[in-house]
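> Here it is: the structure, laid out below.
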Protein chains: 2
Amino acid sequence: MSKRISISSIAKDLGISITTVSFVLNGKAQEKRISDKLVKKVMDYVEKIDYKPNSLARSLRTGKSNIIGLIVEDISYPFFAAIAKEIEDKAYRNGYKIIYSSTENNVAKTKELLEMYKDKHVDGYIIVPPEGVEQEVNDLYADGKPVVLLDRYLDGVEADYVTVNNEDSVYKAAQHLIQQGFKNIAFITLNSLQSQMQDRLSGYERAIKEAGLIPYIKEVSYDGGERTKKHISSFLQRNRAIDSIVFATNYLCVSGLKAIKELGLRIPEHIAVVSFDDYELFEMYAPSITSIAQPTGAIAEQAINMLLSRLKKSPPDKKKQDIVLQTSFIVRESSKN
Amino acid sequence: MSKRISISSIAKDLGISITTVSFVLNGKAQEKRISDKLVKKVMDYVEKIDYKPNSLARSLRTGKSNIIGLIVEDISYPFFAAIAKEIEDKAYRNGYKIIYSSTENNVAKTKELLEMYKDKHVDGYIIVPPEGVEQEVNDLYADGKPVVLLDRYLDGVEADYVTVNNEDSVYKAAQHLIQQGFKNIAFITLNSLQSQMQDRLSGYERAIKEAGLIPYIKEVSYDGGERTKKHISSFLQRNRAIDSIVFATNYLCVSGLKAIKELGLRIPEHIAVVSFDDYELFEMYAPSITSIAQPTGAIAEQAINMLLSRLKKSPPDKKKQDIVLQTSFIVRESSKN
DNA sequence: TTGAAAGCGCTACCAC
DNA sequence: GTGGTAGCGCTTTCAA
């Protein structure tokens with residue numbers, strides 16, 4: 001009656017063997033030289049009863065789950081949310097599902113997540129790694145699981161990655177401010193050792209050094225609000241000479257804008273602003289905020305493409321691929337002198 | 001040597017039976033009255049070799065995957081991204097993983113997604129449904145799969161849902177404008193039959209009717225940019241009397257703000273603005289924008305809690321639960337007269 | 001060209 | 001208190 005349909009019930013109903021059904025279903029009819037009529041008979045029947053193979057059983061048998069693990073810093077940040085959308089879309093069209101998690105840059109949590117993902121027999125990984133999971137990522141790779149690192153890289157890790165030209169972008173942003181005539185350019189960043197942050201810092205330092213200017217570097221921790229704003233505020237008060245700022249991330253910039261407003265400073269007259277990572281708010285803000293826009297779509301696309309291509313061929317070739325995408329610099333009102 | 005560790009290898013190594021190992025591992029030692037020393041022996045060994053049960057095999061056997069399906073309109077929208085974050089976090093702490101997809105309000109895509117999710121043996125669903133999947137959602141429920149609907153409801157669908165008081169929120173927002181002395185209040189919404197949109201519209205209509213004012217309703221389709229802005233712009237130009245607007249969603253409001261700026265109108269002097277669904281931009285915009293804030297955290301929490309509680313007890317009690325959360329009205333500069 | 005059957009690793013019923 | 005074993009549904013080797 002309502003007997004669960006399975007490959008064996010089909011075989012029984014059709015009076016043929018399970019093997020044959022399986023071959024037909026997996027497109028191996030040709031290869032196994034199964035007669036066309038039989039193939040058609042099976043296909044028609046499968047169609048008719050709307051049979052769907054049990055993917056769990058298949059996964060158990062094959063060891064492939066058709067699931068990709070996506071581990072980002074925080075799925076609710078616009079940057080990662082946009083990437084998640086793109087990745088999911090493409091994966092879906094290739095028969096993969098995505099499971100995701102946010103690390104919040106917490107190493108212990110990330111390790112635990114990786115453990116759970118392994119447990120779920122995830123086929124491949126796209127990871128925005130916190131510092132300190134080098135070993136685990138390498139283990140994954142050694143285990144034959146394709147891994148693509150995003151947004152930042154990890155030293156000594158044999159994985160593909162896709163990032164942007166952080167150093168150069170910030171270098172150019174600082175140069176832009178210099179060309180506009182600003183002399184005391186600050187760089188406000190996270191107190192983080194992550195590669196992308198270090199690279200942005202380097203870009204700033206290089207520009208400042210070349211121009212023979214004084215560096216003003218402030219590292220803050222981000223708490224999503226009040227504290228961060230306070231720190232920026234007091235930094236600005238203690239360094240009255242600062243006439244312009246480069247923010248290392250968009251959320252730091254948002255905190256910064258609040259601080260600037262509270263201090264009663266005008267942009268760009270009193271202080272110019274440039275932010276890394278564009279944000280809808282920057283376009284709409286008065287004045288509009290100059291920013292370094294990351295090619296979100298391209299980042300996601302490259303990452304998922306790399307992963308999918310690794311997933312197709314097994315064993316994956318060991319040659320590690322690094323893709324560095326270019327940001328675009330969007331000049332708006334906040335950096336004009 | 002490096003033989004894959006499995007429950008049977010443990011049994012063999014320890015010289016006991018598979019059953020015993022399984023019972024111990026599943027916490028049924030007590031129930032099955034297995035001796036404490038044996039339990040300890042097993043646990044220690046498991047610890048030592050760092051054994052992790054194969055969840056695929058377990059799922060195949062039990063029919064439970066410990067995966068929850070999250071289907072939203074668009075994971076990259078801040079509202080849904082925030083919800084995704086909260087849901088994932090809580091699910092994770094309860095041993096569940098989340099797979100997600102975006103429907104883009106596309107019925108065909110949604111049906112296909114549901115198909116894929118069923119195939120993956122997802123244990124439960126959290127869905128932001130487009131119109132037209134009533135049948136499929138009911139099927140899920142009939143199939144014994146817990147479903148929680150979010151953000152909007154579907155008529156004739158026997159599922160739990162969590163929404164906000166859309167009607168009342170917009171009613172109050174319109175009343176606020178009326179109290180501020182505005183006379184020609186427009187409502188700009190999506191041309192959508194989704195329940196939340198219809199409810200917001202009703203709230204507007206009720207307030208306008210009660211006050212004996214003329215309704216100005218504009219339904220636009222959202223394309224993420226230029227077209228939407230144009231439509232709003234021409235609507236405003238054709239209806240010069242309008243002195244205030246309630247936007248049904250935050251992205252419509254963003255388009256509206258651009259249109260208003262282009263038309264050279266000042267907020268709130270020429271035109272007041274209130275938006276449904278708060279957004280960081282509204283707080284920072286000049287002038288700041290009054291909005292109806294949805295309790296994102298609470299929505300996500302209620303949804304995942306309902307789902308988890310259904311997942312715990314089987315068979316789920318059939319009593320459908322509706323949770324309606326309250327929005328908060330944040331008065332800012334854009335609605336002052 | 002087709003079929004039998006051995007597992008993938010685990011749970012849980014039934015025996016002792 | 002503990003162990004044997006029958007599947008969950010599928011893939012794939014080997015035989016016929």
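Residues are named by chain letter and number: chains run A, B, ... in the order of the structure tokens, numbers start at 1 in each chain, and ligands are numbered from 1 in the order shown.
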For chain D, which residues have at least one atom within 9 Å of chain B, if we go by only C-alpha atoms (C1' of nucleotides)? Write them as a PyMOL selection string, please.
chain D and resi 1-4+7-9
> Once you have the residues from the selection above, write them out as an mmCIF file, in the first residue's frame, restricted to C-alpha atoms (C1' of nucleotides).

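File produced: selection.cif:
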data_model
loop_
_atom_site.group_PDB
_atom_site.id
_atom_site.type_symbol
_atom_site.label_atom_id
_atom_site.label_comp_id
_atom_site.auth_asym_id
_atom_site.auth_seq_id
_atom_site.Cartn_x
_atom_site.Cartn_y
_atom_site.Cartn_z
ATOM 1 C "C1'" DG D 1 23.229 -6.992 32.157
ATOM 2 C "C1'" DT D 2 24.940 -8.360 27.763
ATOM 3 C "C1'" DG D 3 25.098 -9.998 22.930
ATOM 4 C "C1'" DG D 4 23.256 -11.462 18.075
ATOM 5 C "C1'" DG D 7 17.521 -3.996 8.746
ATOM 6 C "C1'" DC D 8 17.662 1.707 7.144
ATOM 7 C "C1'" DG D 9 18.341 2.377 1.210
#
> Got a sec: who's within 12 Å of Tyr117 of chain B, counting only C-alpha atoms (C1' of nucleotides), leaving out chain neighbours fewer than 4 positions off, as a ChimeraX atom specification?
/A:52,54-56,67,92,95-98 /B:65,67-71,98-101,110-113,121-127,140,145
> Which residues of chain C have any atom within 10 Å of an atom in chain B when counting only C-alpha atoms (C1' of nucleotides), and what is the closest pair of atoms for each, with the distance in Å to one decimal? Order the rows by chain and rising number and write it as a tab-separated table.

residue	atom	partner	partner_atom	distance
C:DC8	C1'	B:Ala57	CA	7.7
C:DG9	C1'	B:Ala57	CA	5.0
C:DC10	C1'	B:Arg58	CA	5.1
C:DT11	C1'	B:Arg61	CA	6.5
C:DA12	C1'	B:Thr19	CA	8.6
> What residues in segment 92-126 of chain A get the DSSP label helix (DSSP H, G or I)? Please answer as a PyMOL selection string.
chain A and resi 92-93+107-119
> For C-alpha atoms, I'd like the residues from the last selection saved as a PDB file, in the first residue's frame.

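Below is the file result-v8.pdb, written as the result:
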ATOM      1  CA  TYR A  92      22.011  25.120  -5.392  1.00  0.00           C
ATOM      2  CA  ARG A  93      22.184  25.139  -9.159  1.00  0.00           C
ATOM      3  CA  VAL A 107      38.686  29.984  17.754  1.00  0.00           C
ATOM      4  CA  ALA A 108      37.136  27.456  20.081  1.00  0.00           C
ATOM      5  CA  LYS A 109      33.743  27.812  18.471  1.00  0.00           C
ATOM      6  CA  THR A 110      35.275  27.483  15.037  1.00  0.00           C
ATOM      7  CA  LYS A 111      37.050  24.294  15.943  1.00  0.00           C
ATOM      8  CA  GLU A 112      33.851  22.890  17.304  1.00  0.00           C
ATOM      9  CA  LEU A 113      32.044  23.887  14.138  1.00  0.00           C
ATOM     10  CA  LEU A 114      34.617  22.177  11.995  1.00  0.00           C
ATOM     11  CA  GLU A 115      34.171  19.095  14.108  1.00  0.00           C
ATOM     12  CA  MET A 116      30.428  19.146  13.581  1.00  0.00           C
ATOM     13  CA  TYR A 117      30.832  19.711   9.899  1.00  0.00           C
ATOM     14  CA  LYS A 118      33.177  16.815   9.549  1.00  0.00           C
ATOM     15  CA  ASP A 119      30.673  14.754  11.426  1.00  0.00           C
TER      16      ASP A 119
END
> Determine which residues of segment 194-318 of chain B receive a DSSP assignment of strand (DSSP E or B), computed from the backbone, and state them as a ChimeraX atom specification.
/B:216-220,244-247,272-276,290-293
> Can I get the selection written as an mmCIF file, in the first residue's frame, with N, CA and C atoms?

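Below is the file that was written, out.cif:
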data_model
loop_
_atom_site.group_PDB
_atom_site.id
_atom_site.type_symbol
_atom_site.label_atom_id
_atom_site.label_comp_id
_atom_site.auth_asym_id
_atom_site.auth_seq_id
_atom_site.Cartn_x
_atom_site.Cartn_y
_atom_site.Cartn_z
ATOM 1 N N TYR B 216 -3.746 57.934 -0.300
ATOM 2 C CA TYR B 216 -2.878 57.950 -1.483
ATOM 3 C C TYR B 216 -2.066 56.667 -1.408
ATOM 4 N N ILE B 217 -2.420 55.724 -2.240
ATOM 5 C CA ILE B 217 -1.727 54.445 -2.164
ATOM 6 C C ILE B 217 -0.958 54.179 -3.445
ATOM 7 N N LYS B 218 0.315 53.842 -3.281
ATOM 8 C CA LYS B 218 1.110 53.526 -4.454
ATOM 9 C C LYS B 218 1.732 52.153 -4.261
ATOM 10 N N GLU B 219 1.452 51.286 -5.201
ATOM 11 C CA GLU B 219 2.075 49.961 -5.152
ATOM 12 C C GLU B 219 3.149 49.905 -6.214
ATOM 13 N N VAL B 220 4.343 49.576 -5.807
ATOM 14 C CA VAL B 220 5.424 49.471 -6.785
ATOM 15 C C VAL B 220 6.037 48.080 -6.717
ATOM 16 N N SER B 244 3.299 63.674 3.463
ATOM 17 C CA SER B 244 3.970 62.665 4.292
ATOM 18 C C SER B 244 3.765 61.275 3.686
ATOM 19 N N ILE B 245 4.694 60.402 4.002
ATOM 20 C CA ILE B 245 4.646 59.050 3.436
ATOM 21 C C ILE B 245 4.948 58.004 4.492
ATOM 22 N N VAL B 246 4.197 56.922 4.422
ATOM 23 C CA VAL B 246 4.565 55.737 5.192
ATOM 24 C C VAL B 246 5.043 54.698 4.179
ATOM 25 N N PHE B 247 6.261 54.211 4.387
ATOM 26 C CA PHE B 247 6.786 53.173 3.501
ATOM 27 C C PHE B 247 6.572 51.806 4.137
ATOM 28 N N ALA B 272 7.073 64.463 5.135
ATOM 29 C CA ALA B 272 7.510 63.662 6.279
ATOM 30 C C ALA B 272 7.631 62.203 5.858
ATOM 31 N N VAL B 273 8.422 61.449 6.604
ATOM 32 C CA VAL B 273 8.665 60.055 6.228
ATOM 33 C C VAL B 273 8.653 59.141 7.456
ATOM 34 N N VAL B 274 7.975 58.018 7.290
ATOM 35 C CA VAL B 274 8.025 56.959 8.293
ATOM 36 C C VAL B 274 8.232 55.649 7.531
ATOM 37 N N SER B 275 9.057 54.783 8.062
ATOM 38 C CA SER B 275 9.273 53.510 7.367
ATOM 39 C C SER B 275 8.985 52.325 8.264
ATOM 40 N N PHE B 276 8.466 51.284 7.655
ATOM 41 C CA PHE B 276 8.335 50.023 8.366
ATOM 42 C C PHE B 276 9.703 49.355 8.345
ATOM 43 N N THR B 290 12.057 58.282 11.115
ATOM 44 C CA THR B 290 11.160 57.595 12.040
ATOM 45 C C THR B 290 10.820 56.213 11.487
ATOM 46 N N SER B 291 10.813 55.228 12.361
ATOM 47 C CA SER B 291 10.519 53.904 11.822
ATOM 48 C C SER B 291 9.828 52.977 12.810
ATOM 49 N N ILE B 292 9.292 51.932 12.237
ATOM 50 C CA ILE B 292 8.650 50.879 13.008
ATOM 51 C C ILE B 292 9.650 49.729 13.067
ATOM 52 N N ALA B 293 10.189 49.499 14.249
ATOM 53 C CA ALA B 293 11.246 48.490 14.364
ATOM 54 C C ALA B 293 10.681 47.136 14.722
#
